[in-house]
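Text of target_32.tsv (TSV, N, CA and C atoms) as supplied:
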```tsv
chain	number	residue	atom	x	y	z
A	1	MET	N	0.85	-1.16	0.00
A	1	MET	CA	0.00	0.00	0.00
A	1	MET	C	0.90	1.23	0.00
A	2	SER	N	0.82	2.03	-1.05
A	2	SER	CA	1.72	3.16	-1.19
A	2	SER	C	1.00	4.50	-1.15
A	3	ASN	N	-0.19	4.56	-0.63
A	3	ASN	CA	-0.95	5.80	-0.56
A	3	ASN	C	-0.53	6.58	0.69
A	4	PRO	N	0.09	7.79	0.53
A	4	PRO	CA	0.55	8.55	1.70
A	4	PRO	C	-0.56	9.32	2.39
A	5	ASP	N	-1.73	9.46	1.77
A	5	ASP	CA	-2.82	10.22	2.38
A	5	ASP	C	-3.39	9.47	3.57
A	6	PRO	N	-3.59	10.15	4.69
A	6	PRO	CA	-4.19	9.48	5.84
A	6	PRO	C	-5.64	9.08	5.57
A	7	MET	N	-6.35	9.90	4.81
A	7	MET	CA	-7.74	9.58	4.46
A	7	MET	C	-7.89	9.89	2.98
A	8	SER	N	-8.00	8.87	2.19
A	8	SER	CA	-8.10	9.10	0.75
A	8	SER	C	-9.45	9.74	0.43
A	9	GLY	N	-9.44	10.58	-0.56
A	9	GLY	CA	-10.66	11.26	-0.98
A	9	GLY	C	-10.79	12.65	-0.38
A	10	TYR	N	-10.01	12.99	0.64
A	10	TYR	CA	-10.05	14.31	1.24
A	10	TYR	C	-8.85	15.12	0.80
A	11	GLN	N	-9.03	16.38	0.60
A	11	GLN	CA	-7.96	17.26	0.16
A	11	GLN	C	-7.16	17.72	1.37
A	12	SER	N	-5.84	17.62	1.30
A	12	SER	CA	-5.02	18.10	2.40
A	12	SER	C	-4.81	19.60	2.24
A	13	TYR	N	-4.34	20.26	3.30
A	13	TYR	CA	-4.23	21.71	3.30
A	13	TYR	C	-3.13	22.25	2.40
A	14	ASP	N	-2.09	21.49	2.17
A	14	ASP	CA	-0.98	22.01	1.39
A	14	ASP	C	-1.17	21.85	-0.11
A	15	GLN	N	-2.25	21.23	-0.55
A	15	GLN	CA	-2.50	21.06	-1.97
A	15	GLN	C	-3.35	22.22	-2.48
A	16	PRO	N	-3.09	22.67	-3.70
A	16	PRO	CA	-3.91	23.75	-4.25
A	16	PRO	C	-5.33	23.27	-4.54
A	17	SER	N	-6.26	24.18	-4.47
A	17	SER	CA	-7.66	23.86	-4.72
A	17	SER	C	-7.85	23.49	-6.20
A	18	THR	N	-8.71	22.51	-6.43
A	18	THR	CA	-8.99	22.10	-7.81
A	18	THR	C	-10.15	22.90	-8.39
A	19	ARG	N	-10.79	23.70	-7.56
A	19	ARG	CA	-11.90	24.52	-8.03
A	19	ARG	C	-11.34	25.72	-8.79
A	20	PRO	N	-11.91	26.03	-9.94
A	20	PRO	CA	-11.40	27.19	-10.69
A	20	PRO	C	-11.69	28.48	-9.92
A	21	PRO	N	-10.79	29.45	-10.01
A	21	PRO	CA	-11.01	30.70	-9.29
A	21	PRO	C	-12.19	31.46	-9.86
A	22	ARG	N	-12.89	32.17	-8.99
A	22	ARG	CA	-14.03	32.98	-9.43
A	22	ARG	C	-13.51	34.30	-9.97
A	23	HIS	N	-14.10	34.72	-11.03
A	23	HIS	CA	-13.71	35.98	-11.65
A	23	HIS	C	-14.58	37.10	-11.08
A	24	PRO	N	-14.03	38.27	-10.94
A	24	PRO	CA	-14.84	39.40	-10.44
A	24	PRO	C	-16.05	39.69	-11.32
A	25	GLN	N	-15.94	39.42	-12.60
A	25	GLN	CA	-17.06	39.66	-13.51
A	25	GLN	C	-18.24	38.75	-13.17
A	26	GLN	N	-17.96	37.50	-12.74
A	26	GLN	CA	-19.04	36.59	-12.36
A	26	GLN	C	-19.73	37.09	-11.10
A	27	ASP	N	-18.95	37.57	-10.14
A	27	ASP	CA	-19.55	38.12	-8.92
A	27	ASP	C	-20.41	39.33	-9.23
A	28	ARG	N	-19.95	40.17	-10.14
A	28	ARG	CA	-20.69	41.38	-10.53
A	28	ARG	C	-22.01	41.01	-11.20
A	29	THR	N	-21.99	39.97	-12.03
A	29	THR	CA	-23.20	39.54	-12.71
A	29	THR	C	-24.23	39.02	-11.70
A	30	VAL	N	-23.78	38.26	-10.73
A	30	VAL	CA	-24.69	37.74	-9.70
A	30	VAL	C	-25.29	38.88	-8.90
A	31	THR	N	-24.48	39.86	-8.55
A	31	THR	CA	-24.96	41.00	-7.78
A	31	THR	C	-25.98	41.81	-8.58
A	32	ARG	N	-25.71	42.00	-9.86
A	32	ARG	CA	-26.66	42.76	-10.69
A	32	ARG	C	-27.98	42.02	-10.84
A	33	ARG	N	-27.93	40.70	-10.96
A	33	ARG	CA	-29.17	39.92	-11.05
A	33	ARG	C	-29.96	40.00	-9.76
A	34	ALA	N	-29.27	39.95	-8.63
A	34	ALA	CA	-29.96	40.08	-7.34
A	34	ALA	C	-30.60	41.46	-7.22
A	35	ALA	N	-29.89	42.49	-7.64
A	35	ALA	CA	-30.43	43.85	-7.59
A	35	ALA	C	-31.66	43.97	-8.49
A	36	LEU	N	-31.60	43.38	-9.65
A	36	LEU	CA	-32.73	43.41	-10.57
A	36	LEU	C	-33.93	42.66	-9.99
A	37	ALA	N	-33.67	41.55	-9.31
A	37	ALA	CA	-34.76	40.79	-8.69
A	37	ALA	C	-35.43	41.60	-7.57
A	38	VAL	N	-34.64	42.24	-6.73
A	38	VAL	CA	-35.18	43.05	-5.65
A	38	VAL	C	-36.01	44.21	-6.22
A	39	GLN	N	-35.49	44.85	-7.21
A	39	GLN	CA	-36.17	45.98	-7.85
A	39	GLN	C	-37.48	45.53	-8.50
A	40	THR	N	-37.46	44.38	-9.14
A	40	THR	CA	-38.66	43.86	-9.81
A	40	THR	C	-39.75	43.51	-8.81
A	41	VAL	N	-39.38	42.86	-7.72
A	41	VAL	CA	-40.37	42.50	-6.69
A	41	VAL	C	-40.99	43.76	-6.09
A	42	ALA	N	-40.18	44.76	-5.82
A	42	ALA	CA	-40.69	46.02	-5.27
A	42	ALA	C	-41.63	46.70	-6.26
A	43	ASP	N	-41.28	46.69	-7.53
A	43	ASP	CA	-42.13	47.32	-8.55
A	43	ASP	C	-43.45	46.59	-8.71
A	44	ILE	N	-43.43	45.26	-8.66
A	44	ILE	CA	-44.67	44.48	-8.78
A	44	ILE	C	-45.57	44.76	-7.59
A	45	ALA	N	-45.00	44.81	-6.39
A	45	ALA	CA	-45.80	45.12	-5.20
A	45	ALA	C	-46.43	46.50	-5.33
A	46	ALA	N	-45.67	47.48	-5.77
A	46	ALA	CA	-46.20	48.83	-5.93
A	46	ALA	C	-47.28	48.87	-7.02
A	47	CYS	N	-47.12	48.07	-8.06
A	47	CYS	CA	-48.13	48.04	-9.13
A	47	CYS	C	-49.45	47.48	-8.62
A	48	PHE	N	-49.40	46.43	-7.80
A	48	PHE	CA	-50.65	45.89	-7.24
A	48	PHE	C	-51.34	46.93	-6.35
A	49	LEU	N	-50.56	47.63	-5.56
A	49	LEU	CA	-51.15	48.66	-4.69
A	49	LEU	C	-51.74	49.80	-5.52
A	50	GLY	N	-50.99	50.23	-6.51
A	50	GLY	CA	-51.49	51.30	-7.38
A	50	GLY	C	-52.72	50.88	-8.18
A	51	LEU	N	-52.73	49.62	-8.62
A	51	LEU	CA	-53.89	49.13	-9.37
A	51	LEU	C	-55.13	49.09	-8.49
A	52	TRP	N	-54.96	48.69	-7.22
A	52	TRP	CA	-56.11	48.69	-6.33
A	52	TRP	C	-56.63	50.11	-6.09
A	53	ILE	N	-55.72	51.05	-5.92
A	53	ILE	CA	-56.14	52.45	-5.74
A	53	ILE	C	-56.95	52.90	-6.95
A	54	LEU	N	-56.43	52.61	-8.12
A	54	LEU	CA	-57.11	53.00	-9.36
A	54	LEU	C	-58.48	52.34	-9.49
A	55	LEU	N	-58.54	51.02	-9.24
A	55	LEU	CA	-59.82	50.31	-9.34
A	55	LEU	C	-60.82	50.85	-8.33
A	56	HIS	N	-60.36	51.14	-7.13
A	56	HIS	CA	-61.28	51.66	-6.11
A	56	HIS	C	-61.79	53.05	-6.48
A	57	LEU	N	-60.90	53.92	-6.93
A	57	LEU	CA	-61.31	55.28	-7.28
A	57	LEU	C	-62.24	55.31	-8.50
A	58	LEU	N	-62.07	54.33	-9.40
A	58	LEU	CA	-62.94	54.28	-10.58
A	58	LEU	C	-64.24	53.54	-10.30
A	59	GLY	N	-64.40	52.99	-9.09
A	59	GLY	CA	-65.64	52.32	-8.71
A	59	GLY	C	-65.80	50.95	-9.34
A	60	ALA	N	-64.74	50.17	-9.39
A	60	ALA	CA	-64.81	48.83	-9.98
A	60	ALA	C	-65.71	47.93	-9.15
A	61	ASN	N	-66.31	46.95	-9.82
A	61	ASN	CA	-67.19	45.99	-9.17
A	61	ASN	C	-66.35	45.08	-8.26
A	62	GLU	N	-66.52	45.20	-6.96
A	62	GLU	CA	-65.71	44.44	-6.02
A	62	GLU	C	-66.11	42.97	-5.94
A	63	ALA	N	-67.18	42.59	-6.60
A	63	ALA	CA	-67.57	41.18	-6.66
A	63	ALA	C	-66.87	40.46	-7.81
A	64	ASN	N	-66.21	41.20	-8.68
A	64	ASN	CA	-65.47	40.62	-9.79
A	64	ASN	C	-64.25	39.86	-9.25
A	65	VAL	N	-63.93	38.73	-9.87
A	65	VAL	CA	-62.84	37.89	-9.40
A	65	VAL	C	-61.49	38.61	-9.50
A	66	PHE	N	-61.27	39.30	-10.59
A	66	PHE	CA	-60.01	40.02	-10.76
A	66	PHE	C	-59.87	41.13	-9.74
A	67	VAL	N	-60.93	41.88	-9.52
A	67	VAL	CA	-60.89	42.97	-8.55
A	67	VAL	C	-60.69	42.41	-7.14
A	68	GLU	N	-61.34	41.29	-6.83
A	68	GLU	CA	-61.14	40.63	-5.53
A	68	GLU	C	-59.68	40.21	-5.35
A	69	PHE	N	-59.08	39.67	-6.41
A	69	PHE	CA	-57.68	39.24	-6.35
A	69	PHE	C	-56.75	40.43	-6.10
A	70	VAL	N	-56.97	41.50	-6.84
A	70	VAL	CA	-56.13	42.69	-6.68
A	70	VAL	C	-56.32	43.28	-5.28
A	71	HIS	N	-57.56	43.34	-4.81
A	71	HIS	CA	-57.83	43.89	-3.48
A	71	HIS	C	-57.19	43.01	-2.39
A	72	GLY	N	-57.31	41.71	-2.51
A	72	GLY	CA	-56.70	40.80	-1.53
A	72	GLY	C	-55.19	40.92	-1.51
A	73	THR	N	-54.59	41.00	-2.69
A	73	THR	CA	-53.13	41.15	-2.78
A	73	THR	C	-52.69	42.49	-2.19
A	74	ALA	N	-53.42	43.54	-2.50
A	74	ALA	CA	-53.09	44.86	-1.95
A	74	ALA	C	-53.23	44.87	-0.43
A	75	ASP	N	-54.26	44.19	0.08
A	75	ASP	CA	-54.43	44.11	1.54
A	75	ASP	C	-53.26	43.38	2.20
A	76	ARG	N	-52.79	42.30	1.58
A	76	ARG	CA	-51.65	41.57	2.14
A	76	ARG	C	-50.37	42.40	2.09
A	77	LEU	N	-50.21	43.18	1.03
A	77	LEU	CA	-49.01	44.00	0.91
A	77	LEU	C	-49.04	45.22	1.83
A	78	ALA	N	-50.22	45.70	2.14
A	78	ALA	CA	-50.35	46.92	2.94
A	78	ALA	C	-50.91	46.64	4.33
A	79	TRP	N	-50.73	45.45	4.84
A	79	TRP	CA	-51.29	45.10	6.15
A	79	TRP	C	-50.75	45.99	7.26
A	80	TRP	N	-49.53	46.41	7.12
A	80	TRP	CA	-48.88	47.19	8.18
A	80	TRP	C	-49.30	48.66	8.18
A	81	SER	N	-49.90	49.11	7.11
A	81	SER	CA	-50.25	50.53	7.02
A	81	SER	C	-51.76	50.77	7.01
A	82	GLN	N	-52.53	49.74	7.30
A	82	GLN	CA	-53.98	49.93	7.28
A	82	GLN	C	-54.41	50.89	8.37
A	83	ASP	N	-55.23	51.83	8.01
A	83	ASP	CA	-55.81	52.83	8.91
A	83	ASP	C	-54.75	53.72	9.58
A	84	VAL	N	-53.65	53.95	8.89
A	84	VAL	CA	-52.70	54.96	9.37
A	84	VAL	C	-53.36	56.34	9.24
A	85	PHE	N	-54.04	56.52	8.14
A	85	PHE	CA	-54.76	57.78	7.91
A	85	PHE	C	-56.25	57.50	8.02
A	86	THR	N	-56.93	58.21	8.88
A	86	THR	CA	-58.38	58.05	9.03
A	86	THR	C	-59.03	59.37	8.65
A	87	VAL	N	-59.36	59.47	7.40
A	87	VAL	CA	-60.03	60.67	6.89
A	87	VAL	C	-61.46	60.30	6.52
A	88	ASP	N	-62.29	61.29	6.39
A	88	ASP	CA	-63.70	61.04	6.13
A	88	ASP	C	-63.96	60.58	4.70
A	89	THR	N	-63.21	61.07	3.75
A	89	THR	CA	-63.42	60.72	2.36
A	89	THR	C	-62.81	59.35	2.07
A	90	GLU	N	-63.65	58.44	1.61
A	90	GLU	CA	-63.20	57.06	1.39
A	90	GLU	C	-62.11	56.99	0.33
A	91	GLY	N	-62.25	57.72	-0.75
A	91	GLY	CA	-61.24	57.69	-1.81
A	91	GLY	C	-59.89	58.19	-1.34
A	92	LEU	N	-59.88	59.25	-0.57
A	92	LEU	CA	-58.63	59.79	-0.03
A	92	LEU	C	-58.01	58.82	0.98
A	93	ARG	N	-58.85	58.16	1.78
A	93	ARG	CA	-58.36	57.19	2.74
A	93	ARG	C	-57.66	56.03	2.04
A	94	VAL	N	-58.27	55.50	0.98
A	94	VAL	CA	-57.65	54.41	0.22
A	94	VAL	C	-56.37	54.89	-0.45
A	95	LEU	N	-56.41	56.08	-1.01
A	95	LEU	CA	-55.21	56.63	-1.66
A	95	LEU	C	-54.05	56.74	-0.68
A	96	LEU	N	-54.30	57.25	0.51
A	96	LEU	CA	-53.24	57.43	1.49
A	96	LEU	C	-52.78	56.10	2.09
A	97	ASN	N	-53.73	55.23	2.47
A	97	ASN	CA	-53.38	53.99	3.15
A	97	ASN	C	-52.74	52.95	2.23
A	98	TYR	N	-52.99	53.03	0.94
A	98	TYR	CA	-52.34	52.11	0.00
A	98	TYR	C	-51.22	52.79	-0.78
A	99	GLY	N	-51.28	54.11	-0.87
A	99	GLY	CA	-50.23	54.84	-1.58
A	99	GLY	C	-48.94	54.92	-0.80
A	100	LEU	N	-49.04	55.04	0.52
A	100	LEU	CA	-47.85	55.09	1.36
A	100	LEU	C	-47.01	53.82	1.23
A	101	PRO	N	-47.60	52.63	1.37
A	101	PRO	CA	-46.75	51.44	1.20
A	101	PRO	C	-46.22	51.29	-0.23
A	102	ALA	N	-47.00	51.70	-1.21
A	102	ALA	CA	-46.51	51.62	-2.59
A	102	ALA	C	-45.27	52.49	-2.76
A	103	LEU	N	-45.32	53.69	-2.24
A	103	LEU	CA	-44.18	54.59	-2.32
A	103	LEU	C	-42.97	54.03	-1.56
A	104	LEU	N	-43.22	53.49	-0.38
A	104	LEU	CA	-42.12	52.93	0.40
A	104	LEU	C	-41.51	51.70	-0.26
A	105	TYR	N	-42.36	50.84	-0.84
A	105	TYR	CA	-41.82	49.67	-1.54
A	105	TYR	C	-40.91	50.10	-2.69
A	106	VAL	N	-41.32	51.10	-3.44
A	106	VAL	CA	-40.50	51.57	-4.56
A	106	VAL	C	-39.19	52.18	-4.05
A	107	LEU	N	-39.29	53.05	-3.05
A	107	LEU	CA	-38.08	53.70	-2.54
A	107	LEU	C	-37.10	52.71	-1.91
A	108	VAL	N	-37.60	51.82	-1.09
A	108	VAL	CA	-36.72	50.85	-0.43
A	108	VAL	C	-36.17	49.85	-1.44
A	109	GLY	N	-37.02	49.34	-2.31
A	109	GLY	CA	-36.57	48.37	-3.31
A	109	GLY	C	-35.52	48.93	-4.25
A	110	HIS	N	-35.74	50.13	-4.73
A	110	HIS	CA	-34.76	50.75	-5.62
A	110	HIS	C	-33.51	51.18	-4.87
A	111	GLY	N	-33.66	51.55	-3.59
A	111	GLY	CA	-32.49	51.87	-2.78
A	111	GLY	C	-31.60	50.66	-2.54
A	112	ILE	N	-32.21	49.53	-2.24
A	112	ILE	CA	-31.45	48.30	-2.05
A	112	ILE	C	-30.77	47.89	-3.35
A	113	ALA	N	-31.50	48.00	-4.46
A	113	ALA	CA	-30.92	47.65	-5.76
A	113	ALA	C	-29.75	48.57	-6.12
A	114	ALA	N	-29.88	49.84	-5.82
A	114	ALA	CA	-28.78	50.78	-6.10
A	114	ALA	C	-27.57	50.46	-5.23
A	115	ARG	N	-27.81	50.10	-3.99
A	115	ARG	CA	-26.72	49.73	-3.09
A	115	ARG	C	-26.02	48.45	-3.57
A	116	LEU	N	-26.78	47.49	-4.03
A	116	LEU	CA	-26.18	46.27	-4.55
A	116	LEU	C	-25.36	46.54	-5.82
A	117	ASN	N	-25.87	47.41	-6.67
A	117	ASN	CA	-25.15	47.72	-7.91
A	117	ASN	C	-23.88	48.54	-7.67
A	118	ARG	N	-23.85	49.27	-6.57
A	118	ARG	CA	-22.69	50.09	-6.26
A	118	ARG	C	-21.50	49.24	-5.80
A	119	GLU	N	-21.79	48.13	-5.17
A	119	GLU	CA	-20.68	47.30	-4.64
A	119	GLU	C	-19.98	46.54	-5.72
```
Kindly present the structure from the file in structure tokens form.
Amino acid sequence: MSNPDPMSGYQSYDQPSTRPPRHPQQDRTVTRRAALAVQTVADIAACFLGLWILLHLLGANEANVFVEFVHGTADRLAWWSQDVFTVDTEGLRVLLNYGLPALLYVLVGHGIAARLNRE
């Protein structure tokens, strides 16, 4: 038996790694894709909130399946900001309570994406 390795199949510390080195360009591509994903998710969330505001202000039929879906999605996205503003006008209340999270999603999502792209 002429194998000097104490445990065959394991790499010892003094041997160079067989894994190819990562190029900075590959890391940059992964970071840009992550930034694009964060930005896209934030934009989609803001679009659902904006669409619900628009449907509500235009008086859409809330018994419609599509309107129910948009309203349910907007409620899930804006759960934390419900009834922050309590005004008498229903349209203004919906605009403020759903517009605030839409604005924050866009600002935070694009801010995170910009930070990822800067690195």
If we draw a sphere of 9 Å around (-46.6, 43.4, -1.5), which residues have at least one atom in it when counting only C-alpha atoms? Please report them as a PyMOL selection string.
chain A and resi 41-42+44-46+48-49+73-78+101-102+105
To one decimal place in Å, what is the distance between atom N of A:Trp79 and atom CA of A:Asn64?
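Computing the Euclidean distance for atom N of A:Trp79 and atom CA of A:Asn64 yields 21.3 Å.
Among the candidate residues A:Asp83, A:Glu68, A:Glu62, A:Asp27, the one lying nearest to A:Leu95 is A:Asp83, with distances computed using only C-alpha atoms.
Pairwise distance (atom CA of A:Gly99, atom C of A:Ile53) equals 8.8 Å.
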Just the number, please: distance in Å from atom CA of A:Tyr98 to atom C of A:Ser81, one decimal.
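Atom-to-atom, atom CA of A:Tyr98 and atom C of A:Ser81 are spaced 7.2 Å apart.
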Between A:Arg115, A:Val94, A:Val108, A:Leu100, which has the minimum distance to A:His56 (counting all atoms listed in the file)?
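For A:His56, the nearest of the candidates is A:Val94.
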Which one is closest to A:Leu116: A:Asn97, A:Gln82, A:Thr31, A:Thr89? Count all atoms listed in the file.
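Residue with the minimum atom-to-atom distance to A:Leu116: A:Thr31.
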Completed stretch 72-94 of chain A (N, CA, C and O atoms) as a PDB file, in the coordinates of the input:
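Output file out17.pdb is given in full below:
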```pdb
ATOM      1  N   GLY A  72     -57.310  41.710  -2.510  1.00  0.00           N
ATOM      2  CA  GLY A  72     -56.700  40.800  -1.530  1.00  0.00           C
ATOM      3  C   GLY A  72     -55.190  40.920  -1.510  1.00  0.00           C
ATOM      4  O   GLY A  72     -54.557  40.928  -0.450  1.00  0.00           O
ATOM      5  N   THR A  73     -54.590  41.000  -2.690  1.00  0.00           N
ATOM      6  CA  THR A  73     -53.130  41.150  -2.780  1.00  0.00           C
ATOM      7  C   THR A  73     -52.690  42.490  -2.190  1.00  0.00           C
ATOM      8  O   THR A  73     -51.709  42.555  -1.449  1.00  0.00           O
ATOM      9  N   ALA A  74     -53.420  43.540  -2.500  1.00  0.00           N
ATOM     10  CA  ALA A  74     -53.090  44.860  -1.950  1.00  0.00           C
ATOM     11  C   ALA A  74     -53.230  44.870  -0.430  1.00  0.00           C
ATOM     12  O   ALA A  74     -52.418  45.467   0.273  1.00  0.00           O
ATOM     13  N   ASP A  75     -54.260  44.190   0.080  1.00  0.00           N
ATOM     14  CA  ASP A  75     -54.430  44.110   1.540  1.00  0.00           C
ATOM     15  C   ASP A  75     -53.260  43.380   2.200  1.00  0.00           C
ATOM     16  O   ASP A  75     -52.795  43.781   3.252  1.00  0.00           O
ATOM     17  N   ARG A  76     -52.790  42.300   1.580  1.00  0.00           N
ATOM     18  CA  ARG A  76     -51.650  41.570   2.140  1.00  0.00           C
ATOM     19  C   ARG A  76     -50.370  42.400   2.090  1.00  0.00           C
ATOM     20  O   ARG A  76     -49.544  42.318   2.986  1.00  0.00           O
ATOM     21  N   LEU A  77     -50.210  43.180   1.030  1.00  0.00           N
ATOM     22  CA  LEU A  77     -49.010  44.000   0.910  1.00  0.00           C
ATOM     23  C   LEU A  77     -49.040  45.220   1.830  1.00  0.00           C
ATOM     24  O   LEU A  77     -47.988  45.715   2.240  1.00  0.00           O
ATOM     25  N   ALA A  78     -50.220  45.700   2.140  1.00  0.00           N
ATOM     26  CA  ALA A  78     -50.350  46.920   2.940  1.00  0.00           C
ATOM     27  C   ALA A  78     -50.910  46.640   4.330  1.00  0.00           C
ATOM     28  O   ALA A  78     -51.470  47.542   4.958  1.00  0.00           O
ATOM     29  N   TRP A  79     -50.730  45.450   4.840  1.00  0.00           N
ATOM     30  CA  TRP A  79     -51.290  45.100   6.150  1.00  0.00           C
ATOM     31  C   TRP A  79     -50.750  45.990   7.260  1.00  0.00           C
ATOM     32  O   TRP A  79     -51.455  46.321   8.198  1.00  0.00           O
ATOM     33  N   TRP A  80     -49.530  46.410   7.120  1.00  0.00           N
ATOM     34  CA  TRP A  80     -48.880  47.190   8.180  1.00  0.00           C
ATOM     35  C   TRP A  80     -49.300  48.660   8.180  1.00  0.00           C
ATOM     36  O   TRP A  80     -49.072  49.367   9.155  1.00  0.00           O
ATOM     37  N   SER A  81     -49.900  49.110   7.110  1.00  0.00           N
ATOM     38  CA  SER A  81     -50.250  50.530   7.020  1.00  0.00           C
ATOM     39  C   SER A  81     -51.760  50.770   7.010  1.00  0.00           C
ATOM     40  O   SER A  81     -52.192  51.887   6.732  1.00  0.00           O
ATOM     41  N   GLN A  82     -52.530  49.740   7.300  1.00  0.00           N
ATOM     42  CA  GLN A  82     -53.980  49.930   7.280  1.00  0.00           C
ATOM     43  C   GLN A  82     -54.410  50.890   8.370  1.00  0.00           C
ATOM     44  O   GLN A  82     -53.973  50.794   9.515  1.00  0.00           O
ATOM     45  N   ASP A  83     -55.230  51.830   8.010  1.00  0.00           N
ATOM     46  CA  ASP A  83     -55.810  52.830   8.910  1.00  0.00           C
ATOM     47  C   ASP A  83     -54.750  53.720   9.580  1.00  0.00           C
ATOM     48  O   ASP A  83     -54.937  54.156  10.713  1.00  0.00           O
ATOM     49  N   VAL A  84     -53.650  53.950   8.890  1.00  0.00           N
ATOM     50  CA  VAL A  84     -52.700  54.960   9.370  1.00  0.00           C
ATOM     51  C   VAL A  84     -53.360  56.340   9.240  1.00  0.00           C
ATOM     52  O   VAL A  84     -53.267  57.163  10.144  1.00  0.00           O
ATOM     53  N   PHE A  85     -54.040  56.520   8.140  1.00  0.00           N
ATOM     54  CA  PHE A  85     -54.760  57.780   7.910  1.00  0.00           C
ATOM     55  C   PHE A  85     -56.250  57.500   8.020  1.00  0.00           C
ATOM     56  O   PHE A  85     -56.786  56.634   7.327  1.00  0.00           O
ATOM     57  N   THR A  86     -56.930  58.210   8.880  1.00  0.00           N
ATOM     58  CA  THR A  86     -58.380  58.050   9.030  1.00  0.00           C
ATOM     59  C   THR A  86     -59.030  59.370   8.650  1.00  0.00           C
ATOM     60  O   THR A  86     -59.197  60.269   9.480  1.00  0.00           O
ATOM     61  N   VAL A  87     -59.360  59.470   7.400  1.00  0.00           N
ATOM     62  CA  VAL A  87     -60.030  60.670   6.890  1.00  0.00           C
ATOM     63  C   VAL A  87     -61.460  60.300   6.520  1.00  0.00           C
ATOM     64  O   VAL A  87     -61.786  59.129   6.339  1.00  0.00           O
ATOM     65  N   ASP A  88     -62.290  61.290   6.390  1.00  0.00           N
ATOM     66  CA  ASP A  88     -63.700  61.040   6.130  1.00  0.00           C
ATOM     67  C   ASP A  88     -63.960  60.580   4.700  1.00  0.00           C
ATOM     68  O   ASP A  88     -64.850  59.780   4.454  1.00  0.00           O
ATOM     69  N   THR A  89     -63.210  61.070   3.750  1.00  0.00           N
ATOM     70  CA  THR A  89     -63.420  60.720   2.360  1.00  0.00           C
ATOM     71  C   THR A  89     -62.810  59.350   2.070  1.00  0.00           C
ATOM     72  O   THR A  89     -61.615  59.147   2.294  1.00  0.00           O
ATOM     73  N   GLU A  90     -63.650  58.440   1.610  1.00  0.00           N
ATOM     74  CA  GLU A  90     -63.200  57.060   1.390  1.00  0.00           C
ATOM     75  C   GLU A  90     -62.110  56.990   0.330  1.00  0.00           C
ATOM     76  O   GLU A  90     -61.131  56.253   0.486  1.00  0.00           O
ATOM     77  N   GLY A  91     -62.250  57.720  -0.750  1.00  0.00           N
ATOM     78  CA  GLY A  91     -61.240  57.690  -1.810  1.00  0.00           C
ATOM     79  C   GLY A  91     -59.890  58.190  -1.340  1.00  0.00           C
ATOM     80  O   GLY A  91     -58.847  57.601  -1.651  1.00  0.00           O
ATOM     81  N   LEU A  92     -59.880  59.250  -0.570  1.00  0.00           N
ATOM     82  CA  LEU A  92     -58.630  59.790  -0.030  1.00  0.00           C
ATOM     83  C   LEU A  92     -58.010  58.820   0.980  1.00  0.00           C
ATOM     84  O   LEU A  92     -56.795  58.661   1.030  1.00  0.00           O
ATOM     85  N   ARG A  93     -58.850  58.160   1.780  1.00  0.00           N
ATOM     86  CA  ARG A  93     -58.360  57.190   2.740  1.00  0.00           C
ATOM     87  C   ARG A  93     -57.660  56.030   2.040  1.00  0.00           C
ATOM     88  O   ARG A  93     -56.565  55.618   2.420  1.00  0.00           O
ATOM     89  N   VAL A  94     -58.270  55.500   0.980  1.00  0.00           N
ATOM     90  CA  VAL A  94     -57.650  54.410   0.220  1.00  0.00           C
ATOM     91  C   VAL A  94     -56.370  54.890  -0.450  1.00  0.00           C
ATOM     92  O   VAL A  94     -55.351  54.183  -0.425  1.00  0.00           O
TER      93      VAL A  94
END
```
